[in-house]
file model-v6.cif (mmCIF, C-alpha atoms)
data_model
#
loop_
_atom_site.group_PDB
_atom_site.id
_atom_site.type_symbol
_atom_site.label_atom_id
_atom_site.label_comp_id
_atom_site.auth_asym_id
_atom_site.auth_seq_id
_atom_site.Cartn_x
_atom_site.Cartn_y
_atom_site.Cartn_z
ATOM 1 C CA MET A 1 37.632 76.835 117.016
ATOM 2 C CA SER A 2 34.377 75.084 116.156
ATOM 3 C CA ASP A 3 33.383 71.781 117.819
ATOM 4 C CA GLN A 4 36.094 72.320 120.410
ATOM 5 C CA ARG A 5 38.898 71.712 117.941
ATOM 6 C CA TRP A 6 41.698 74.023 116.936
ATOM 7 C CA THR A 7 43.252 73.627 113.474
ATOM 8 C CA GLU A 8 46.671 74.923 112.551
ATOM 9 C CA THR A 9 46.817 77.174 109.485
ATOM 10 C CA LEU A 10 50.539 77.188 108.643
ATOM 11 C CA TYR A 11 50.032 75.340 105.339
ATOM 12 C CA ALA A 12 47.198 75.981 102.906
ATOM 13 C CA SER A 13 46.632 72.345 101.913
ATOM 14 C CA TYR A 14 47.755 70.393 104.988
ATOM 15 C CA GLY A 15 47.541 70.718 108.733
ATOM 16 C CA GLN A 16 46.913 69.249 112.135
ATOM 17 C CA SER A 17 44.131 69.750 114.624
ATOM 18 C CA PHE A 18 43.931 69.502 118.381
ATOM 19 C CA ARG A 19 40.983 68.789 120.607
ATOM 20 C CA VAL A 20 40.512 71.813 122.826
ATOM 21 C CA ASP A 21 39.746 70.604 126.322
ATOM 22 C CA GLU A 22 39.765 74.124 127.735
ATOM 23 C CA ILE A 23 40.688 77.536 126.384
ATOM 24 C CA LEU A 24 42.857 79.147 129.031
ATOM 25 C CA PHE A 25 43.635 82.421 127.297
ATOM 26 C CA GLU A 26 42.898 84.089 123.976
ATOM 27 C CA HIS A 27 43.813 87.611 123.035
ATOM 28 C CA LYS A 28 44.892 89.659 120.056
ATOM 29 C CA THR A 29 47.888 91.703 121.145
ATOM 30 C CA GLU A 30 49.379 94.667 119.328
ATOM 31 C CA HIS A 31 51.530 92.274 117.337
ATOM 32 C CA GLN A 32 49.761 88.909 117.029
ATOM 33 C CA HIS A 33 46.870 86.628 117.960
ATOM 34 C CA LEU A 34 47.728 84.510 120.991
ATOM 35 C CA VAL A 35 45.843 81.471 122.282
ATOM 36 C CA ILE A 36 46.685 78.963 125.005
ATOM 37 C CA PHE A 37 44.557 75.861 125.489
ATOM 38 C CA ASP A 38 44.638 72.461 127.184
ATOM 39 C CA ASN A 39 44.906 69.239 125.199
ATOM 40 C CA ALA A 40 44.947 65.777 126.766
ATOM 41 C CA GLN A 41 47.829 64.535 124.583
ATOM 42 C CA PHE A 42 50.169 67.524 124.620
ATOM 43 C CA GLY A 43 49.165 69.391 127.751
ATOM 44 C CA ARG A 44 49.025 73.134 127.384
ATOM 45 C CA VAL A 45 49.462 74.390 123.828
ATOM 46 C CA MET A 46 50.421 77.927 122.805
ATOM 47 C CA ALA A 47 49.720 79.175 119.295
ATOM 48 C CA LEU A 48 50.439 82.497 117.626
ATOM 49 C CA ASP A 49 48.589 83.593 114.505
ATOM 50 C CA GLY A 50 47.244 80.109 113.867
ATOM 51 C CA VAL A 51 50.580 78.291 114.261
ATOM 52 C CA VAL A 52 51.610 76.060 117.169
ATOM 53 C CA GLN A 53 54.608 77.546 118.938
ATOM 54 C CA THR A 54 55.105 75.195 121.868
ATOM 55 C CA THR A 55 53.459 72.518 123.980
ATOM 56 C CA GLU A 56 54.153 71.269 127.485
ATOM 57 C CA ARG A 57 54.654 67.695 126.308
ATOM 58 C CA ASP A 58 57.489 68.067 123.794
ATOM 59 C CA GLU A 59 58.965 71.545 124.294
ATOM 60 C CA PHE A 60 62.096 70.093 125.888
ATOM 61 C CA ILE A 61 63.285 68.629 122.569
ATOM 62 C CA TYR A 62 63.257 71.947 120.751
ATOM 63 C CA HIS A 63 64.608 74.033 123.622
ATOM 64 C CA GLU A 64 67.406 71.647 124.542
ATOM 65 C CA MET A 65 68.629 71.280 120.962
ATOM 66 C CA LEU A 66 68.504 74.976 120.135
ATOM 67 C CA THR A 67 70.402 75.787 123.343
ATOM 68 C CA HIS A 68 72.839 73.048 124.290
ATOM 69 C CA VAL A 69 74.219 72.373 120.815
ATOM 70 C CA PRO A 70 75.766 75.864 120.402
ATOM 71 C CA LEU A 71 76.691 76.300 124.073
ATOM 72 C CA VAL A 72 78.430 72.938 124.412
ATOM 73 C CA ALA A 73 80.108 73.319 121.022
ATOM 74 C CA HIS A 74 81.400 76.768 121.955
ATOM 75 C CA GLY A 75 82.739 75.501 125.244
ATOM 76 C CA SER A 76 83.319 78.833 126.986
ATOM 77 C CA ALA A 77 80.338 81.071 126.250
ATOM 78 C CA LYS A 78 79.934 83.885 128.788
ATOM 79 C CA ARG A 79 77.475 86.166 127.017
ATOM 80 C CA VAL A 80 74.344 84.873 125.280
ATOM 81 C CA LEU A 81 71.700 86.725 123.259
ATOM 82 C CA ILE A 82 68.231 85.245 122.756
ATOM 83 C CA ILE A 83 66.012 86.748 120.064
ATOM 84 C CA GLY A 84 62.335 85.961 120.690
ATOM 85 C CA GLY A 85 61.685 82.989 122.929
ATOM 86 C CA GLY A 86 59.017 84.691 125.002
ATOM 87 C CA ASP A 87 57.732 81.375 126.370
ATOM 88 C CA GLY A 88 60.968 81.184 128.386
ATOM 89 C CA GLY A 89 62.127 77.711 127.344
ATOM 90 C CA ILE A 90 65.396 78.841 125.774
ATOM 91 C CA LEU A 91 66.111 81.156 128.698
ATOM 92 C CA ARG A 92 65.531 78.266 131.089
ATOM 93 C CA GLU A 93 68.027 76.056 129.304
ATOM 94 C CA VAL A 94 70.660 78.797 128.953
ATOM 95 C CA CYS A 95 70.361 79.527 132.682
ATOM 96 C CA ARG A 96 71.246 75.917 133.421
ATOM 97 C CA HIS A 97 74.769 76.658 132.154
ATOM 98 C CA LYS A 98 76.396 78.078 135.265
ATOM 99 C CA ASP A 99 79.416 79.435 133.373
ATOM 100 C CA VAL A 100 77.224 81.813 131.367
ATOM 101 C CA GLU A 101 77.559 85.227 132.997
ATOM 102 C CA HIS A 102 75.104 87.426 131.117
ATOM 103 C CA ILE A 103 71.957 86.687 129.106
ATOM 104 C CA THR A 104 70.053 89.249 127.066
ATOM 105 C CA GLN A 105 66.641 88.287 125.710
ATOM 106 C CA VAL A 106 64.898 90.512 123.184
ATOM 107 C CA GLU A 107 61.181 89.733 122.854
ATOM 108 C CA ILE A 108 58.853 91.946 120.845
ATOM 109 C CA ASP A 109 55.696 91.161 122.818
ATOM 110 C CA GLN A 110 55.501 91.481 126.609
ATOM 111 C CA ALA A 111 52.126 89.724 126.511
ATOM 112 C CA VAL A 112 53.780 86.500 125.327
ATOM 113 C CA ILE A 113 56.105 86.503 128.339
ATOM 114 C CA ASP A 114 53.299 87.359 130.748
ATOM 115 C CA MET A 115 50.934 84.700 129.478
ATOM 116 C CA ALA A 116 53.622 82.024 129.283
ATOM 117 C CA ARG A 117 54.690 82.732 132.856
ATOM 118 C CA GLN A 118 51.093 82.386 133.982
ATOM 119 C CA TYR A 119 49.912 79.455 131.886
ATOM 120 C CA LEU A 120 53.154 77.664 130.932
ATOM 121 C CA PRO A 121 55.237 78.202 134.080
ATOM 122 C CA SER A 122 57.354 75.074 133.577
ATOM 123 C CA HIS A 123 58.748 76.561 130.364
ATOM 124 C CA SER A 124 60.662 79.330 132.106
ATOM 125 C CA ASP A 125 60.812 77.502 135.468
ATOM 126 C CA GLY A 126 61.940 80.634 137.297
ATOM 127 C CA ALA A 127 64.464 81.715 134.654
ATOM 128 C CA TYR A 128 62.946 85.194 134.337
ATOM 129 C CA ASP A 129 64.034 85.790 137.934
ATOM 130 C CA ASP A 130 67.651 84.798 137.258
ATOM 131 C CA PRO A 131 69.894 87.832 137.988
ATOM 132 C CA ARG A 132 71.933 87.110 134.854
ATOM 133 C CA ALA A 133 68.889 87.686 132.634
ATOM 134 C CA ASN A 134 68.297 91.087 131.055
ATOM 135 C CA ILE A 135 64.895 91.199 129.337
ATOM 136 C CA VAL A 136 64.457 93.760 126.560
ATOM 137 C CA ILE A 137 60.984 94.327 125.130
ATOM 138 C CA GLY A 138 61.693 95.398 121.597
ATOM 139 C CA ASP A 139 62.367 94.388 118.019
ATOM 140 C CA GLY A 140 65.126 91.796 117.670
ATOM 141 C CA PHE A 141 65.989 93.009 114.176
ATOM 142 C CA ASP A 142 66.560 96.552 115.411
ATOM 143 C CA PHE A 143 68.511 95.316 118.426
ATOM 144 C CA VAL A 144 71.198 93.493 116.446
ATOM 145 C CA GLN A 145 71.570 96.483 114.114
ATOM 146 C CA THR A 146 72.137 99.004 116.888
ATOM 147 C CA THR A 147 73.464 97.351 120.061
ATOM 148 C CA ASP A 148 77.009 98.066 121.207
ATOM 149 C CA GLN A 149 77.098 94.733 123.058
ATOM 150 C CA SER A 150 78.733 91.574 121.761
ATOM 151 C CA PHE A 151 77.927 87.933 122.412
ATOM 152 C CA ASP A 152 79.480 84.486 122.265
ATOM 153 C CA VAL A 153 76.265 82.728 121.258
ATOM 154 C CA ILE A 154 73.128 84.132 119.636
ATOM 155 C CA ILE A 155 69.966 82.012 119.606
ATOM 156 C CA SER A 156 67.095 83.144 117.386
ATOM 157 C CA ASP A 157 63.920 81.498 118.667
ATOM 158 C CA SER A 158 61.548 83.213 116.294
ATOM 159 C CA THR A 159 58.159 82.388 114.893
ATOM 160 C CA ASP A 160 57.908 81.280 111.261
ATOM 161 C CA PRO A 161 58.760 83.903 108.598
ATOM 162 C CA LEU A 162 55.267 85.383 108.744
ATOM 163 C CA GLY A 163 54.173 88.615 110.417
ATOM 164 C CA PRO A 164 56.548 89.866 113.143
ATOM 165 C CA GLY A 165 58.944 86.941 112.564
ATOM 166 C CA GLU A 166 59.523 87.610 108.869
ATOM 167 C CA VAL A 167 62.428 90.062 109.294
ATOM 168 C CA LEU A 168 64.285 87.506 111.432
ATOM 169 C CA PHE A 169 64.972 85.425 108.331
ATOM 170 C CA THR A 170 66.516 88.188 106.220
ATOM 171 C CA LYS A 171 70.110 88.719 105.193
ATOM 172 C CA ASP A 172 70.127 92.024 107.069
ATOM 173 C CA PHE A 173 69.123 90.314 110.308
ATOM 174 C CA TYR A 174 71.820 87.680 109.901
ATOM 175 C CA ALA A 175 74.354 90.414 109.119
ATOM 176 C CA GLY A 176 73.297 92.214 112.299
ATOM 177 C CA CYS A 177 73.870 89.040 114.279
ATOM 178 C CA GLN A 178 77.279 88.615 112.686
ATOM 179 C CA ARG A 179 78.115 92.198 113.651
ATOM 180 C CA CYS A 180 77.606 91.544 117.357
ATOM 181 C CA LEU A 181 79.136 88.061 117.565
ATOM 182 C CA ASN A 182 82.475 87.764 119.309
ATOM 183 C CA PRO A 183 85.308 85.980 117.443
ATOM 184 C CA GLY A 184 84.525 82.279 117.451
ATOM 185 C CA GLY A 185 80.896 83.062 118.241
ATOM 186 C CA ILE A 186 77.961 80.965 117.051
ATOM 187 C CA LEU A 187 74.543 81.908 115.675
ATOM 188 C CA VAL A 188 71.749 79.322 115.659
ATOM 189 C CA THR A 189 68.197 79.852 114.449
ATOM 190 C CA GLN A 190 65.055 77.773 114.143
ATOM 191 C CA ASN A 191 64.538 77.113 110.464
ATOM 192 C CA GLY A 192 61.232 75.329 110.121
ATOM 193 C CA VAL A 193 60.268 71.770 109.247
ATOM 194 C CA ALA A 194 62.741 71.002 106.486
ATOM 195 C CA PHE A 195 60.531 68.684 104.406
ATOM 196 C CA MET A 196 57.571 71.054 104.418
ATOM 197 C CA GLN A 197 59.537 74.308 104.338
ATOM 198 C CA THR A 198 62.475 73.343 102.132
ATOM 199 C CA ASP A 199 62.555 76.746 100.431
ATOM 200 C CA GLU A 200 63.022 78.373 103.824
ATOM 201 C CA VAL A 201 66.105 76.246 104.470
ATOM 202 C CA ALA A 202 67.458 76.882 100.964
ATOM 203 C CA ASN A 203 67.009 80.645 101.369
ATOM 204 C CA THR A 204 68.850 80.632 104.680
ATOM 205 C CA ALA A 205 71.682 78.636 103.113
ATOM 206 C CA VAL A 206 72.115 81.265 100.397
ATOM 207 C CA ARG A 207 72.128 84.100 102.920
ATOM 208 C CA PHE A 208 74.493 82.378 105.350
ATOM 209 C CA SER A 209 76.916 81.452 102.574
ATOM 210 C CA LYS A 210 77.419 85.141 101.782
ATOM 211 C CA LEU A 211 78.090 86.118 105.389
ATOM 212 C CA PHE A 212 79.726 83.323 107.355
ATOM 213 C CA GLN A 213 82.835 81.239 106.851
ATOM 214 C CA ASP A 214 81.184 78.201 108.386
ATOM 215 C CA TRP A 215 77.485 77.390 108.142
ATOM 216 C CA HIS A 216 75.393 74.270 108.213
ATOM 217 C CA PHE A 217 72.137 72.842 109.555
ATOM 218 C CA TYR A 218 71.288 70.329 112.227
ATOM 219 C CA SER A 219 67.981 68.731 113.142
ATOM 220 C CA ALA A 220 65.661 67.150 115.681
ATOM 221 C CA ALA A 221 62.226 65.554 115.460
ATOM 222 C CA VAL A 222 59.657 67.533 117.463
ATOM 223 C CA PRO A 223 56.211 65.850 117.319
ATOM 224 C CA THR A 224 54.068 68.986 117.283
ATOM 225 C CA TYR A 225 56.093 70.500 114.427
ATOM 226 C CA VAL A 226 54.540 68.123 111.941
ATOM 227 C CA GLY A 227 55.878 67.085 108.567
ATOM 228 C CA GLY A 228 59.329 65.747 109.380
ATOM 229 C CA ILE A 229 62.451 66.982 111.109
ATOM 230 C CA MET A 230 62.827 70.482 112.509
ATOM 231 C CA ALA A 231 65.862 72.212 111.010
ATOM 232 C CA PHE A 232 68.154 74.508 112.955
ATOM 233 C CA ALA A 233 70.574 76.786 111.112
ATOM 234 C CA TRP A 234 74.152 77.151 112.347
ATOM 235 C CA ALA A 235 76.658 79.884 111.478
ATOM 236 C CA SER A 236 80.081 80.955 112.733
ATOM 237 C CA ASP A 237 83.265 82.631 111.553
ATOM 238 C CA SER A 238 85.188 79.438 112.349
ATOM 239 C CA PRO A 239 84.562 75.734 111.679
ATOM 240 C CA THR A 240 86.257 74.735 114.931
ATOM 241 C CA ALA A 241 83.134 74.598 117.103
ATOM 242 C CA ARG A 242 81.119 72.526 114.636
ATOM 243 C CA GLN A 243 83.970 70.036 114.402
ATOM 244 C CA THR A 244 84.291 69.513 118.162
ATOM 245 C CA SER A 245 85.028 65.827 118.749
ATOM 246 C CA LEU A 246 82.557 63.534 120.450
ATOM 247 C CA THR A 247 85.064 62.955 123.230
ATOM 248 C CA GLU A 248 85.285 66.692 123.886
ATOM 249 C CA LEU A 249 81.512 67.099 123.715
ATOM 250 C CA ARG A 250 81.133 64.370 126.325
ATOM 251 C CA GLU A 251 83.666 65.984 128.642
ATOM 252 C CA ARG A 252 82.073 69.414 128.345
ATOM 253 C CA TRP A 253 78.561 68.097 128.841
ATOM 254 C CA GLN A 254 79.532 66.094 131.902
ATOM 255 C CA ALA A 255 81.165 69.191 133.357
ATOM 256 C CA THR A 256 77.887 71.135 133.130
ATOM 257 C CA GLY A 257 76.131 68.699 135.443
ATOM 258 C CA ILE A 258 72.898 69.277 133.510
ATOM 259 C CA GLN A 259 70.322 66.487 133.443
ATOM 260 C CA SER A 260 68.635 66.593 130.029
ATOM 261 C CA ARG A 261 65.665 64.760 128.580
ATOM 262 C CA TYR A 262 66.689 64.800 124.906
ATOM 263 C CA TYR A 263 70.139 66.286 124.361
ATOM 264 C CA THR A 264 73.173 64.037 124.593
ATOM 265 C CA PRO A 265 76.644 64.505 123.093
ATOM 266 C CA GLU A 266 75.888 61.590 120.765
ATOM 267 C CA VAL A 267 72.650 63.202 119.572
ATOM 268 C CA HIS A 268 74.560 66.479 119.168
ATOM 269 C CA ALA A 269 77.121 64.913 116.835
ATOM 270 C CA ALA A 270 74.543 62.946 114.853
ATOM 271 C CA ALA A 271 72.206 65.932 114.418
ATOM 272 C CA PHE A 272 74.537 67.495 111.838
ATOM 273 C CA ALA A 273 74.131 64.498 109.509
ATOM 274 C CA LEU A 274 71.503 65.623 107.006
ATOM 275 C CA PRO A 275 69.239 63.546 104.741
ATOM 276 C CA ALA A 276 70.011 63.678 101.023
ATOM 277 C CA TYR A 277 67.004 65.840 100.131
ATOM 278 C CA LEU A 278 68.178 68.488 102.554
ATOM 279 C CA GLN A 279 71.785 68.307 101.364
ATOM 280 C CA GLN A 280 70.512 68.797 97.840
ATOM 281 C CA ALA A 281 68.369 71.756 98.874
ATOM 282 C CA ILE A 282 71.349 73.565 100.376
ATOM 283 C CA LYS A 283 73.701 72.291 97.624
ATOM 284 C CA GLN A 284 76.133 70.448 99.871
#
call {"tool": "encode", "arguments": {"input": "model-v6.cif", "output": "structure tokens"}}
result
Amino acid sequence: MSDQRWTETLYASYGQSFRVDEILFEHKTEHQHLVIFDNAQFGRVMALDGVVQTTERDEFIYHEMLTHVPLVAHGSAKRVLIIGGGDGGILREVCRHKDVEHITQVEIDQAVIDMARQYLPSHSDGAYDDPRANIVIGDGFDFVQTTDQSFDVIISDSTDPLGPGEVLFTKDFYAGCQRCLNPGGILVTQNGVAFMQTDEVANTAVRFSKLFQDWHFYSAAVPTYVGGIMAFAWASDSPTARQTSLTELRERWQATGIQSRYYTPEVHAAAFALPAYLQQAIKQ
């Protein structure tokens, strides 16, 4: 972090840098290198192993789209599993759905939760104190292989397929998720910036196609995830949820009473329309 700038290292030949106004926390945990710093444009920024994970300014786009799309499409989810998501943003959004009765979050690194609660409190916004939330400190891959619980929606909010996050992009992980999904259940995962990480999307497509009857991708533009649209992978044993009509999406969303900043039923429906290069990459 020379000259008070921090440069992302996700890509070898391309990247972005942030002016560091103040380093709030920096520590190498048992699992990864964690840094949180202030930036005038994006507020507080959290990075793991040289890669931006979340910022105060635009986190709502990512967290709303990874949460509300599957929950509204499902329509009656009672049990939700979150893999990763230690910053608390996904948990916050799931907790806004009052009909959800039980939420399990499996995060490998307690330090991520602790530091996010201290330095990024608006991300979780009290969600870690919600009585419906059961926090498990452990390996998400192992959890889906061994748990005897089942879920209506599984949200994988992992890091990129590097280091601890690598196993969360494997066929075995996806098979584990399928094993503990209830009938009609939905799995969604973050799948990288599609233009820059096209191979990642293509690999997920191959793995999903061998496991799930219905699979696809949807997208949103998140400014700090540079290089184009962020892709989210979608999988289910039934195409019904993905084909929910706009009229039904509107009715369900209105019934939640949630006030969003990015998600709308119209954005939900449009997000599944993919650019040609992405359709070609997943051979659709």
call {"tool": "residues_around", "arguments": {"input": "model-v6.cif", "residues": "segment 87-91 of chain A", "least_positions_apart": "2", "cutoff": "10 Å", "atoms": "all atoms listed in the file", "output": "VMD selection string"}}
result
chain A and resid 46 53 to 54 59 to 60 62 to 68 80 to 85 93 to 96 103 to 105 107 112 to 117 119 to 128 130 133 155 to 157
call {"tool": "resolve_selection", "arguments": {"input": "model-v6.cif", "expression": "the PyMOL selection byres ((chain A and resi 240-253) around 8)", "output": "PyMOL selection string"}}
result
chain A and resi 72-75+184+238-239+254-258+264-266+269
call {"tool": "write_last_selection", "arguments": {"input": "model-v6.cif", "atoms": "C-alpha atoms", "output": "compact mmCIF listing (two decimals), keeping the file's coordinate frame"}}
result
# COMPACT_ATOMS: atom_id res chain seq x y z
CA VAL A 72 78.43 72.94 124.41
CA ALA A 73 80.11 73.32 121.02
CA HIS A 74 81.40 76.77 121.96
CA GLY A 75 82.74 75.50 125.24
CA GLY A 184 84.52 82.28 117.45
CA SER A 238 85.19 79.44 112.35
CA PRO A 239 84.56 75.73 111.68
CA GLN A 254 79.53 66.09 131.90
CA ALA A 255 81.17 69.19 133.36
CA THR A 256 77.89 71.14 133.13
CA GLY A 257 76.13 68.70 135.44
CA ILE A 258 72.90 69.28 133.51
CA THR A 264 73.17 64.04 124.59
CA PRO A 265 76.64 64.50 123.09
CA GLU A 266 75.89 61.59 120.76
CA ALA A 269 77.12 64.91 116.84
call {"tool": "atom_distance", "arguments": {"input": "model-v6.cif", "atom1": "atom CA of Phe195 of chain A", "atom2": "atom CA of Leu278 of chain A"}}
result
7.9 Å
call {"tool": "atom_distance", "arguments": {"input": "model-v6.cif", "atom1": "atom CA of Lys210 of chain A", "atom2": "atom CA of Lys171 of chain A"}}
result
8.8 Å
call {"tool": "residues_around", "arguments": {"input": "model-v6.cif", "residues": "Val144 of chain A", "least_positions_apart": "3", "cutoff": "8 Å", "atoms": "only C-alpha atoms", "output": "compact mmCIF listing (two decimals) with C-alpha atoms, in the coordinates of the input"}}
result
# COMPACT_ATOMS: atom_id res chain seq x y z
CA GLY A 140 65.13 91.80 117.67
CA PHE A 141 65.99 93.01 114.18
CA THR A 147 73.46 97.35 120.06
CA PHE A 173 69.12 90.31 110.31
CA GLY A 176 73.30 92.21 112.30
CA CYS A 177 73.87 89.04 114.28
CA ARG A 179 78.11 92.20 113.65
CA CYS A 180 77.61 91.54 117.36
call {"tool": "resolve_selection", "arguments": {"input": "model-v6.cif", "expression": "the PyMOL selection byres ((chain A and resi 36-41) around 10)", "output": "JSON, numbers by chain"}}
result
{"A": [5, 6, 18, 19, 20, 21, 22, 23, 24, 25, 26, 27, 34, 35, 42, 43, 44, 45, 46, 47, 48, 52, 54, 55, 56, 57, 115, 116, 119, 120]}
call {"tool": "residues_around", "arguments": {"input": "model-v6.cif", "residues": "Ala220 of chain A", "least_positions_apart": "3", "cutoff": "8 Å", "atoms": "only C-alpha atoms", "output": "ChimeraX atom specification"}}
result
/A:61-62,65,229-231,271
call {"tool": "closest_residue", "arguments": {"input": "model-v6.cif", "among": "A:Gln16, A:Ser236, A:Ser76, A:Gln259", "to": "Val51 of chain A", "atoms": "all atoms listed in the file"}}
result
A:Gln16
call {"tool": "residues_around", "arguments": {"input": "model-v6.cif", "residues": "Asn191 of chain A", "least_positions_apart": "6", "cutoff": "8 Å", "atoms": "only C-alpha atoms", "output": "list in words"}}
result
Asp160, Glu200, Val201, Met230, Ala231, Phe232 and Ala233 of chain A
call {"tool": "resolve_selection", "arguments": {"input": "model-v6.cif", "expression": "the PyMOL selection byres ((chain A and resi 194) around 12)", "output": "PyMOL selection string"}}
result
chain A and resi 190-193+195-204+217-222+225-233+274-282
call {"tool": "closest_residue", "arguments": {"input": "model-v6.cif", "among": "A:Trp215, A:Phe151, A:Tyr262, A:Phe272", "to": "Ala77 of chain A", "atoms": "only C-alpha atoms"}}
result
A:Phe151
call {"tool": "atom_distance", "arguments": {"input": "model-v6.cif", "atom1": "atom CA of Ala12 of chain A", "atom2": "atom CA of Lys28 of chain A"}}
result
22.1 Å
call {"tool": "build_atoms", "arguments": {"input": "model-v6.cif", "residues": "segment 1-16 of chain A", "atoms": "N, CA, C and O atoms", "output": "compact mmCIF listing (two decimals), in the coordinates of the input"}}
result
# COMPACT_ATOMS: atom_id res chain seq x y z
N MET A 1 37.50 77.99 116.14
CA MET A 1 37.63 76.83 117.02
C MET A 1 36.28 76.15 117.18
O MET A 1 35.75 76.04 118.27
N SER A 2 35.68 75.73 116.10
CA SER A 2 34.38 75.08 116.16
C SER A 2 34.52 73.66 116.67
O SER A 2 35.55 73.02 116.51
N ASP A 3 33.43 73.15 117.32
CA ASP A 3 33.38 71.78 117.82
C ASP A 3 34.55 71.48 118.74
O ASP A 3 35.04 70.34 118.80
N GLN A 4 35.01 72.50 119.45
CA GLN A 4 36.09 72.32 120.41
C GLN A 4 37.35 71.71 119.80
O GLN A 4 38.01 70.88 120.39
N ARG A 5 37.64 72.11 118.56
CA ARG A 5 38.90 71.71 117.94
C ARG A 5 39.58 72.97 117.42
O ARG A 5 38.95 73.92 116.98
N TRP A 6 40.89 72.92 117.46
CA TRP A 6 41.70 74.02 116.94
C TRP A 6 42.55 73.46 115.81
O TRP A 6 43.22 72.43 115.98
N THR A 7 42.52 74.12 114.64
CA THR A 7 43.25 73.63 113.47
C THR A 7 44.34 74.61 113.09
O THR A 7 44.08 75.81 112.94
N GLU A 8 45.52 74.09 112.92
CA GLU A 8 46.67 74.92 112.55
C GLU A 8 46.54 75.38 111.11
O GLU A 8 46.05 74.63 110.25
N THR A 9 47.00 76.59 110.82
CA THR A 9 46.82 77.17 109.48
C THR A 9 48.14 77.51 108.80
O THR A 9 48.18 78.33 107.89
N LEU A 10 49.23 76.87 109.22
CA LEU A 10 50.54 77.19 108.64
C LEU A 10 50.60 76.87 107.15
O LEU A 10 51.17 77.63 106.37
N TYR A 11 50.01 75.75 106.75
CA TYR A 11 50.03 75.34 105.34
C TYR A 11 48.62 75.39 104.77
O TYR A 11 47.66 75.02 105.45
N ALA A 12 48.52 75.81 103.52
CA ALA A 12 47.20 75.98 102.91
C ALA A 12 46.50 74.66 102.64
O ALA A 12 45.27 74.57 102.70
N SER A 13 47.26 73.59 102.34
CA SER A 13 46.63 72.34 101.91
C SER A 13 46.87 71.18 102.87
O SER A 13 46.55 70.03 102.55
N TYR A 14 47.43 71.46 104.05
CA TYR A 14 47.76 70.39 104.99
C TYR A 14 47.83 70.98 106.38
O TYR A 14 48.21 72.14 106.55
N GLY A 15 47.45 70.19 107.38
CA GLY A 15 47.54 70.72 108.73
C GLY A 15 47.26 69.68 109.78
O GLY A 15 47.05 68.49 109.48
N GLN A 16 47.23 70.11 111.02
CA GLN A 16 46.91 69.25 112.14
C GLN A 16 45.87 69.95 113.00
O GLN A 16 45.78 71.18 113.00
